[in-house]
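Visitor: Next comes coords37.txt, compact mmCIF, C-alpha atoms:
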# COMPACT_ATOMS: atom_id res chain seq x y z
CA MET Y 1 148.38 175.70 190.97
CA ASP Y 2 151.00 178.28 190.07
CA VAL Y 3 152.71 179.47 193.26
CA PHE Y 4 154.68 182.69 193.12
CA PHE Y 5 157.17 183.23 195.93
CA ALA Y 6 158.85 186.46 196.98
CA PHE Y 7 160.19 188.36 199.94
CA TYR Y 8 158.14 191.31 201.10
CA LYS Y 9 159.93 194.58 200.44
CA GLY Y 10 157.38 196.96 201.90
CA GLY Y 11 154.77 199.05 200.13
CA THR Y 12 151.99 197.43 198.12
CA ALA Y 13 151.42 193.80 197.37
CA VAL Y 14 153.85 192.08 195.04
CA ARG Y 15 151.08 190.88 192.68
CA LYS Y 16 147.36 191.44 192.28
CA GLY Y 17 146.23 187.83 192.70
CA PRO Y 18 145.50 186.03 195.98
CA VAL Y 19 148.36 186.43 198.41
CA ILE Y 20 149.50 184.49 201.44
CA TYR Y 21 151.82 186.51 203.64
CA ALA Y 22 154.05 184.20 205.66
CA LEU Y 23 155.27 186.16 208.68
CA SER Y 24 157.90 185.21 211.24
CA ASP Y 25 160.06 186.80 213.91
CA SER Y 26 162.79 184.43 212.73
CA ILE Y 27 163.78 183.25 209.25
CA GLY Y 28 160.25 182.32 208.22
CA GLU Y 29 160.99 178.99 206.56
CA THR Y 30 158.31 177.10 208.49
CA ALA Y 31 155.56 179.58 207.66
CA GLU Y 32 156.57 179.59 204.01
CA LEU Y 33 156.66 175.78 203.79
CA VAL Y 34 153.18 175.50 205.30
CA ALA Y 35 151.90 178.13 202.86
CA ARG Y 36 153.48 176.30 199.92
CA ALA Y 37 152.08 172.94 201.03
CA THR Y 38 148.63 174.48 201.39
CA ALA Y 39 148.74 176.23 198.01
CA SER Y 40 149.72 172.99 196.31
CA GLN Y 41 146.31 171.56 197.20
CA PHE Y 42 144.52 173.96 194.84
CA GLU Y 43 144.47 173.25 191.12
CA SER Y 44 143.18 176.49 189.66
CA GLY Y 45 144.30 180.08 189.71
CA GLU Y 46 147.47 181.53 191.16
CA ILE Y 47 148.49 182.19 194.73
CA ASP Y 48 151.39 184.45 195.60
CA ILE Y 49 153.38 183.52 198.70
CA VAL Y 50 155.30 186.37 200.25
CA ARG Y 51 157.68 185.53 203.07
CA VAL Y 52 158.25 188.30 205.62
CA PRO Y 53 161.08 187.28 207.96
CA TYR Y 54 162.51 188.90 211.08
CA ILE Y 55 159.41 190.71 212.26
CA SER Y 56 160.52 192.71 215.28
CA SER Y 57 158.07 195.62 215.58
CA ILE Y 58 154.36 196.33 215.55
CA GLU Y 59 154.99 198.87 212.78
CA GLN Y 60 156.19 196.08 210.48
CA ILE Y 61 153.02 194.12 211.16
CA GLU Y 62 150.89 197.20 210.46
CA ASN Y 63 152.64 197.64 207.11
CA ILE Y 64 151.86 194.06 206.15
CA PHE Y 65 148.20 194.49 207.03
CA GLN Y 66 148.04 197.67 204.97
CA ALA Y 67 149.54 195.79 202.02
CA ALA Y 68 147.05 192.94 202.50
CA ALA Y 69 144.01 195.20 202.78
CA GLY Y 70 141.71 195.49 199.79
CA GLN Y 71 142.78 192.23 198.10
CA PRO Y 72 142.19 188.52 198.56
CA ALA Y 73 144.87 187.84 201.13
CA LEU Y 74 145.50 185.97 204.30
CA ILE Y 75 148.33 186.09 206.77
CA CYS Y 76 149.91 183.01 208.29
CA HIS Y 77 152.64 183.31 210.87
CA THR Y 78 155.03 181.57 213.23
CA ILE Y 79 155.50 184.58 215.48
CA VAL Y 80 156.26 183.56 219.07
CA SER Y 81 156.75 186.96 220.68
CA PRO Y 82 153.66 187.53 222.88
CA ASP Y 83 153.53 191.30 222.22
CA LEU Y 84 153.74 190.87 218.46
CA ARG Y 85 151.14 188.09 218.51
CA VAL Y 86 148.68 190.30 220.40
CA ALA Y 87 149.26 193.19 218.00
CA LEU Y 88 148.71 190.89 215.02
CA GLU Y 89 145.47 189.49 216.45
CA ASN Y 90 144.16 192.98 217.21
CA LEU Y 91 144.89 194.19 213.68
CA ALA Y 92 143.29 191.07 212.21
CA ASP Y 93 140.06 191.77 214.13
CA LYS Y 94 140.14 195.47 213.31
CA MET Y 95 140.76 195.03 209.57
CA SER Y 96 138.87 191.75 209.12
CA ILE Y 97 141.83 189.98 207.56
CA THR Y 98 142.09 186.22 207.97
CA THR Y 99 145.14 185.04 209.90
CA VAL Y 100 146.43 181.57 210.69
CA ASP Y 101 148.61 181.00 213.75
CA ILE Y 102 150.82 178.05 212.83
CA MET Y 103 152.90 177.75 215.99
CA GLY Y 104 150.56 179.05 218.70
CA PRO Y 105 148.12 176.13 219.04
CA MET Y 106 150.97 173.62 219.03
CA ILE Y 107 152.87 175.52 221.73
CA ASP Y 108 149.73 175.84 223.86
CA SER Y 109 148.94 172.13 223.50
CA VAL Y 110 152.46 171.02 224.42
CA GLN Y 111 152.39 173.32 227.44
CA THR Y 112 149.04 171.88 228.53
CA VAL Y 113 150.16 168.26 228.16
CA THR Y 114 153.65 168.59 229.64
CA GLY Y 115 153.32 171.50 232.03
CA PHE Y 116 156.54 172.92 230.57
CA ILE Y 117 156.86 176.68 230.09
CA PRO Y 118 157.76 177.69 226.50
CA LYS Y 119 160.75 179.97 225.98
CA LEU Y 120 158.89 182.02 223.34
CA LYS Y 121 162.18 182.97 221.78
CA PRO Y 122 162.33 183.16 217.96
CA GLY Y 123 164.85 181.21 215.91
CA LEU Y 124 165.65 178.47 218.45
CA ILE Y 125 165.41 175.68 215.87
CA HIS Y 126 168.06 177.37 213.76
CA GLN Y 127 170.27 177.82 216.78
CA LEU Y 128 169.97 174.07 217.37
CA ASP Y 129 170.89 173.42 213.75
CA GLN Y 130 173.95 175.63 214.09
CA GLU Y 131 175.01 173.79 217.24
CA TYR Y 132 174.67 170.49 215.38
CA PHE Y 133 176.85 171.63 212.52
CA LYS Y 134 179.43 173.03 214.94
CA ARG Y 135 179.60 169.62 216.60
CA VAL Y 136 180.01 167.82 213.28
CA GLU Y 137 182.74 170.25 212.24
CA ALA Y 138 184.56 169.73 215.55
CA ILE Y 139 184.37 165.94 215.23
CA GLU Y 140 185.75 166.09 211.70
CA PHE Y 141 188.54 168.33 212.99
CA ALA Y 142 189.41 165.90 215.80
CA VAL Y 143 189.64 163.01 213.34
CA LYS Y 144 191.70 165.00 210.85
CA TYR Y 145 194.24 166.19 213.42
CA ASP Y 146 194.38 163.12 215.63
CA ASP Y 147 197.73 161.71 216.77
CA GLY Y 148 199.83 164.51 215.29
CA LYS Y 149 198.42 164.30 211.78
CA ASN Y 150 199.11 167.44 209.74
CA PRO Y 151 200.70 169.77 212.33
CA ASN Y 152 199.61 172.78 210.25
CA GLY Y 153 196.14 172.32 211.71
CA LEU Y 154 197.29 172.82 215.29
CA LEU Y 155 197.09 176.59 214.96
CA LYS Y 156 193.38 176.26 214.08
CA ALA Y 157 192.56 174.23 217.19
CA ASP Y 158 190.71 175.51 220.24
CA ILE Y 159 192.87 173.17 222.30
CA VAL Y 160 195.81 170.87 221.65
CA LEU Y 161 196.41 167.87 223.92
CA ILE Y 162 199.96 166.57 224.28
CA GLY Y 163 201.29 163.54 226.12
CA VAL Y 164 202.86 160.14 225.75
CA SER Y 165 201.01 157.20 224.22
CA ARG Y 166 197.90 155.93 226.07
CA THR Y 167 197.19 159.07 228.10
CA SER Y 168 193.66 159.29 226.62
CA LYS Y 169 194.47 162.02 224.08
CA THR Y 170 192.20 160.65 221.34
CA PRO Y 171 189.09 159.88 223.45
CA LEU Y 172 189.45 163.27 225.13
CA SER Y 173 189.67 164.97 221.72
CA MET Y 174 186.47 163.25 220.62
CA TYR Y 175 184.67 164.08 223.87
CA LEU Y 176 185.66 167.74 223.50
CA ALA Y 177 184.51 167.65 219.87
CA HIS Y 178 181.05 166.59 221.03
CA LYS Y 179 181.14 169.71 223.20
CA ARG Y 180 181.89 171.68 220.00
CA PHE Y 181 185.56 172.35 220.76
CA LYS Y 182 188.08 171.78 217.98
CA ALA Y 183 190.67 169.58 219.64
CA ALA Y 184 193.89 168.23 218.16
CA ASN Y 185 196.40 165.99 219.88
CA VAL Y 186 200.11 165.30 219.52
CA PRO Y 187 202.02 162.31 220.91
CA LEU Y 188 205.31 163.07 222.64
CA VAL Y 189 208.08 160.58 221.91
CA PRO Y 190 211.71 161.14 222.99
CA GLU Y 191 213.07 160.13 219.57
CA ILE Y 192 210.80 162.53 217.65
CA CYS Y 193 210.97 166.32 217.88
CA PRO Y 194 207.62 167.97 218.63
CA PRO Y 195 206.15 169.95 215.72
CA PRO Y 196 207.33 173.61 215.79
CA GLU Y 197 203.69 174.75 215.74
CA LEU Y 198 203.42 173.78 219.42
CA PHE Y 199 205.88 176.52 220.28
CA GLU Y 200 204.20 179.08 218.02
CA MET Y 201 200.73 178.97 219.56
CA PRO Y 202 199.64 180.41 222.93
CA SER Y 203 200.55 178.06 225.75
CA ASP Y 204 197.08 178.37 227.28
CA ARG Y 205 195.66 176.56 224.23
CA ILE Y 206 197.77 173.52 225.00
CA VAL Y 207 197.18 171.00 227.80
CA GLY Y 208 199.71 168.37 228.83
CA LEU Y 209 198.49 164.97 229.99
CA VAL Y 210 200.52 162.73 232.32
CA LEU Y 211 199.87 159.44 234.03
CA ASN Y 212 201.27 157.44 236.93
CA PRO Y 213 204.04 155.20 235.49
CA LEU Y 214 202.67 152.01 237.07
CA LYS Y 215 199.15 152.78 235.85
CA LEU Y 216 200.49 153.47 232.37
CA ASN Y 217 202.43 150.20 232.52
CA GLU Y 218 199.17 148.31 233.16
CA ILE Y 219 197.38 150.08 230.34
CA ARG Y 220 200.14 149.49 227.81
CA ALA Y 221 200.59 145.86 228.81
CA GLU Y 222 196.86 145.28 228.28
CA ARG Y 223 197.10 147.04 224.94
CA LEU Y 224 199.89 144.70 223.87
CA ARG Y 225 197.88 141.68 225.02
CA ILE Y 226 194.88 142.75 222.94
CA MET Y 227 197.14 143.17 219.93
CA GLY Y 228 198.60 139.71 220.47
CA LEU Y 229 202.07 140.99 221.31
CA ALA Y 230 204.40 140.06 224.17
CA PRO Y 231 203.64 142.14 227.30
CA GLY Y 232 207.37 142.44 228.00
CA ALA Y 233 207.99 144.72 224.99
CA SER Y 234 209.82 147.98 225.70
CA TYR Y 235 206.58 149.86 224.98
CA ALA Y 236 205.23 148.66 228.34
CA ALA Y 237 208.52 148.59 230.27
CA VAL Y 238 208.43 150.78 233.37
CA ASP Y 239 211.91 152.21 232.70
CA ARG Y 240 210.85 153.23 229.20
CA ILE Y 241 207.63 154.75 230.48
CA ILE Y 242 209.49 156.80 233.09
CA GLU Y 243 211.85 158.04 230.37
CA GLU Y 244 208.94 159.05 228.14
CA LEU Y 245 207.08 160.81 230.94
CA SER Y 246 210.23 162.71 231.95
CA TYR Y 247 210.73 163.83 228.35
CA ALA Y 248 207.05 164.80 228.02
CA ARG Y 249 207.18 166.93 231.16
CA SER Y 250 210.30 168.70 229.88
CA VAL Y 251 208.43 169.62 226.66
CA MET Y 252 205.36 170.75 228.62
CA ASN Y 253 207.49 172.88 230.93
CA LYS Y 254 209.23 174.43 227.95
CA ILE Y 255 205.88 175.32 226.41
CA GLY Y 256 204.55 176.52 229.77
CA CYS Y 257 201.19 174.81 229.36
CA PRO Y 258 198.86 173.48 232.09
CA ILE Y 259 199.44 169.84 233.01
CA ILE Y 260 196.73 167.41 234.13
CA ASP Y 261 197.42 164.06 235.80
CA VAL Y 262 194.78 161.71 234.38
CA SER Y 263 195.77 158.69 236.51
CA ASN Y 264 192.53 158.47 238.50
CA LYS Y 265 190.23 160.60 236.39
CA ALA Y 266 187.37 159.61 234.12
CA ILE Y 267 187.35 161.05 230.60
CA GLU Y 268 184.44 163.33 231.53
CA GLU Y 269 186.24 164.69 234.56
CA THR Y 270 189.42 165.44 232.64
CA ALA Y 271 187.44 166.97 229.78
CA ASN Y 272 185.59 169.28 232.17
CA SER Y 273 188.92 170.43 233.61
CA ILE Y 274 190.16 171.16 230.09
CA ILE Y 275 186.97 173.07 229.23
CA GLU Y 276 187.40 175.18 232.38
CA ILE Y 277 190.95 176.01 231.27
CA ILE Y 278 189.74 176.99 227.80
CA ARG Y 279 186.93 179.19 229.09
CA SER Y 280 189.01 180.84 231.81
CA LYS Y 281 191.56 181.93 229.23
CA ARG Y 282 188.89 183.31 226.92
In structure tokens, what does this structure look like?
Guide:
Amino acid sequence: MDVFFAFYKGGTAVRKGPVIYALSDSIGETAELVARATASQFESGEIDIVRVPYISSIEQIENIFQAAAGQPALICHTIVSPDLRVALENLADKMSITTVDIMGPMIDSVQTVTGFIPKLKPGLIHQLDQEYFKRVEAIEFAVKYDDGKNPNGLLKADIVLIGVSRTSKTPLSMYLAHKRFKAANVPLVPEICPPPELFEMPSDRIVGLVLNPLKLNEIRAERLRIMGLAPGASYAAVDRIIEELSYARSVMNKIGCPIIDVSNKAIEETANSIIEIIRSKR
């Protein structure tokens, strides 16, 4: 079976042989794939497959039926708009042209079994795909710009989290990435100057994270224990923690960014507060 594929450009049929018009009020990939799979089952002759995407008016459907008239042709479709479906069915009856509704029976069956009401909105699967790729991109961004890596990327971030070590910057960045926000984070250490990019970007795209000194002491001491190090190291010393937090607050105040105390907050709660900040500023 020789299958010829084209996009419909209006007017007459693309070729004189049998034609399957694959119509859709979205991209039309599903209708085309079904038409291709069907055509592959026939070993003789040629079948032209003409994809007609983004059907949005009855006039477009009428033009397709005019092109299909007078030749061996059928029309398959994944149109979900009720008005367009009715118009197509009426024209099919009037002009005696065979049509195949690819999506309709499946939608009706799922509605019958589940009781759910279909959205009947074209292109939803592609919107889901786009959301997936946005999430993947955000996760890759969070990994690439975690813990102050490559400060040049800070200006590309939707949000930058700053704070001393163990204030949940990395898990928050990953949580936000799963919500499709590009999040970077920068540790604040008294002995290291913050990257200049922090002072070049809008302060409302930066969020400072602080923690109760005693709570942070517990967290760092546990971290040292897991790593097999002495819990009395300066990293977990209360005096050192207070010094770091004081320095971090001075940087945050200089930037003028919002500050969130994460002492008694779950990651989800803090992340939701950050998302509210992002959206309110947009």
Visitor: One decimal, Å: what's the distance from atom CA of Met174 of chain Y over to atom CA of Ile139 of chain Y, could you say?
Guide: 6.4 Å
Visitor: Looking at Y:Gly28, Y:Pro195, Y:Gly256, Y:Gly232, which one is nearest to Gly153 of chain Y, with distances taken over only C-alpha atoms?
Guide: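 Using only C-alpha atoms, the shortest distance to Gly153 of chain Y belongs to Y:Pro195.
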Visitor: If we count all atoms listed in the file and set the cut-off at 8 Å, which residues sit around Ala157 of chain Y, ignoring sequence neighbours fewer than 5 positions away in its own chain? Please answer as a list in words.
Guide: Lys182, Ala183 and Ala184 of chain Y
Visitor: List as JSON, numbers by chain: which residues have an atom within 12 Å of (153.1, 173.2, 217.2), counting all atoms listed in the file?
Guide: {"Y": [30, 31, 77, 78, 79, 80, 101, 102, 103, 104, 105, 106, 107, 108, 109, 110, 111, 118]}
Visitor: Using all atoms listed in the file, give me every residue within 9 Å of (197.7, 180.7, 213.5) in file coordinates, as a VMD selection string.
Guide: chain Y and resid 152 to 156 197 200 to 201
Visitor: Interatomic distance between atom CA of Gln60 of chain Y and atom CA of Thr99 of chain Y?
Guide: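 Spanning atom CA of Gln60 of chain Y to atom CA of Thr99 of chain Y is a straight-line distance of 15.6 Å.
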Visitor: Y:Ser24, Y:Arg249, Y:Ile159, Y:Val207: which is nearest Lys121 of chain Y, counting only C-alpha atoms?
Guide: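 Looking at the shortest contact to Lys121 of chain Y, the residue is Y:Ser24.
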Visitor: Mind giving me the straight-line distance from atom CA of Ile47 of chain Y to atom CA of Gln71 of chain Y in Å, one decimal?
Guide: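 Going from atom CA of Ile47 of chain Y over to atom CA of Gln71 of chain Y, I get 12.0 Å.
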Visitor: Just want the 9 Å neighbourhood of Val164 of chain Y, counted on only C-alpha atoms, with same-chain residues fewer than 4 positions away dropped. Output as a PyMOL selection string.
Guide: chain Y and resi 169+186-189+209-211+241+244-245+248
Visitor: Select, from Y:Thr114, Y:Asn185, Y:Ser56, Y:Gln66, the residue with the minimum atom-to-atom distance to Asp146 of chain Y, counting all atoms listed in the file.
Guide: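 Among the listed residues, Y:Asn185 lies closest to Asp146 of chain Y.
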Visitor: What's the 12 Å shell around Ala92 of chain Y, counting only C-alpha atoms, without same-chain residues fewer than 3 positions away, as a ChimeraX atom specification?
Guide: /Y:61-62,64-66,68-69,73-76,85-89,95-101
Visitor: Please list as a ChimeraX atom specification every residue within 12 Å of Lys254 of chain Y, counting only C-alpha atoms and excluding residues in the same chain fewer than 6 positions away.
Guide: /Y:194,198-199,203,206,208,247-248
Visitor: Output C-alpha atoms of each residue in that selection to a file, as a short mmCIF file (atom, residue, chain, number, x, y, z; two decimals), in the frame of the given file.
Guide:
data_model
loop_
_atom_site.label_atom_id
_atom_site.label_comp_id
_atom_site.auth_asym_id
_atom_site.auth_seq_id
_atom_site.Cartn_x
_atom_site.Cartn_y
_atom_site.Cartn_z
CA PRO Y 194 207.62 167.97 218.63
CA LEU Y 198 203.42 173.78 219.42
CA PHE Y 199 205.88 176.52 220.28
CA SER Y 203 200.55 178.06 225.75
CA ILE Y 206 197.77 173.52 225.00
CA GLY Y 208 199.71 168.37 228.83
CA TYR Y 247 210.73 163.83 228.35
CA ALA Y 248 207.05 164.80 228.02
#
Visitor: Please rebuild segment 154-165 of chain Y with all heavy atoms and give the result as a CSV table (one decimal), in the frame of the given file.
Guide:
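See rebuild.csv below for the written result:
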chain,number,residue,atom,x,y,z
Y,154,LEU,N,197.3,172.5,213.9
Y,154,LEU,CA,197.3,172.8,215.3
Y,154,LEU,C,196.9,174.3,215.6
Y,154,LEU,O,196.3,174.6,216.6
Y,154,LEU,CB,198.7,172.5,215.9
Y,154,LEU,CG,199.1,171.0,215.7
Y,154,LEU,CD1,200.5,170.9,216.4
Y,154,LEU,CD2,198.2,170.1,216.4
Y,155,LEU,N,197.4,175.2,214.7
Y,155,LEU,CA,197.1,176.6,215.0
Y,155,LEU,C,195.6,176.9,214.8
Y,155,LEU,O,195.2,178.0,215.3
Y,155,LEU,CB,197.9,177.4,214.0
Y,155,LEU,CG,199.4,177.3,214.1
Y,155,LEU,CD1,200.2,178.1,213.0
Y,155,LEU,CD2,199.9,177.7,215.5
Y,156,LYS,N,194.8,176.0,214.2
Y,156,LYS,CA,193.4,176.3,214.1
Y,156,LYS,C,192.6,175.7,215.2
Y,156,LYS,O,191.4,175.9,215.3
Y,156,LYS,CB,192.9,175.6,212.8
Y,156,LYS,CG,193.6,176.1,211.5
Y,156,LYS,CD,193.1,175.3,210.3
Y,156,LYS,CE,193.9,175.6,209.1
Y,156,LYS,NZ,193.5,174.7,207.9
Y,157,ALA,N,193.3,175.0,216.1
Y,157,ALA,CA,192.6,174.2,217.2
Y,157,ALA,C,192.2,175.2,218.3
Y,157,ALA,O,192.9,176.1,218.6
Y,157,ALA,CB,193.4,173.1,217.7
Y,158,ASP,N,191.1,174.8,219.0
Y,158,ASP,CA,190.7,175.5,220.2
Y,158,ASP,C,191.6,175.0,221.4
Y,158,ASP,O,191.9,175.8,222.3
Y,158,ASP,CB,189.2,175.2,220.6
Y,158,ASP,CG,188.3,175.8,219.6
Y,158,ASP,OD1,188.5,176.9,219.2
Y,158,ASP,OD2,187.3,175.1,219.3
Y,159,ILE,N,192.0,173.8,221.3
Y,159,ILE,CA,192.9,173.2,222.3
Y,159,ILE,C,193.7,172.1,221.7
Y,159,ILE,O,193.2,171.3,220.8
Y,159,ILE,CB,192.0,172.6,223.5
Y,159,ILE,CG1,192.9,172.3,224.7
Y,159,ILE,CG2,191.2,171.4,223.1
Y,159,ILE,CD1,193.4,173.6,225.4
Y,160,VAL,N,194.9,171.9,222.1
Y,160,VAL,CA,195.8,170.9,221.6
Y,160,VAL,C,196.3,170.1,222.9
Y,160,VAL,O,196.8,170.6,223.8
Y,160,VAL,CB,197.0,171.4,220.9
Y,160,VAL,CG1,198.0,170.2,220.5
Y,160,VAL,CG2,196.6,172.2,219.7
Y,161,LEU,N,196.0,168.8,222.8
Y,161,LEU,CA,196.4,167.9,223.9
Y,161,LEU,C,197.7,167.2,223.6
Y,161,LEU,O,197.9,166.7,222.5
Y,161,LEU,CB,195.3,166.8,224.1
Y,161,LEU,CG,193.9,167.3,224.3
Y,161,LEU,CD1,192.9,166.2,224.5
Y,161,LEU,CD2,193.8,168.3,225.5
Y,162,ILE,N,198.7,167.2,224.5
Y,162,ILE,CA,200.0,166.6,224.3
Y,162,ILE,C,200.2,165.6,225.4
Y,162,ILE,O,199.8,165.8,226.5
Y,162,ILE,CB,201.1,167.6,224.1
Y,162,ILE,CG1,201.2,168.5,225.4
Y,162,ILE,CG2,200.9,168.5,222.9
Y,162,ILE,CD1,202.4,169.4,225.4
Y,163,GLY,N,201.0,164.5,225.1
Y,163,GLY,CA,201.3,163.5,226.1
Y,163,GLY,C,201.8,162.3,225.5
Y,163,GLY,O,201.8,162.1,224.2
Y,164,VAL,N,202.3,161.4,226.3
Y,164,VAL,CA,202.9,160.1,225.8
Y,164,VAL,C,201.7,159.2,225.3
Y,164,VAL,O,200.5,159.5,225.6
Y,164,VAL,CB,203.8,159.4,226.8
Y,164,VAL,CG1,204.9,160.3,227.2
Y,164,VAL,CG2,202.9,159.0,228.0
Y,165,SER,N,202.0,158.1,224.7
Y,165,SER,CA,201.0,157.2,224.2
Y,165,SER,C,200.2,156.6,225.4
Y,165,SER,O,200.7,156.3,226.4
Y,165,SER,CB,201.7,156.1,223.5
Y,165,SER,OG,200.8,155.1,223.1
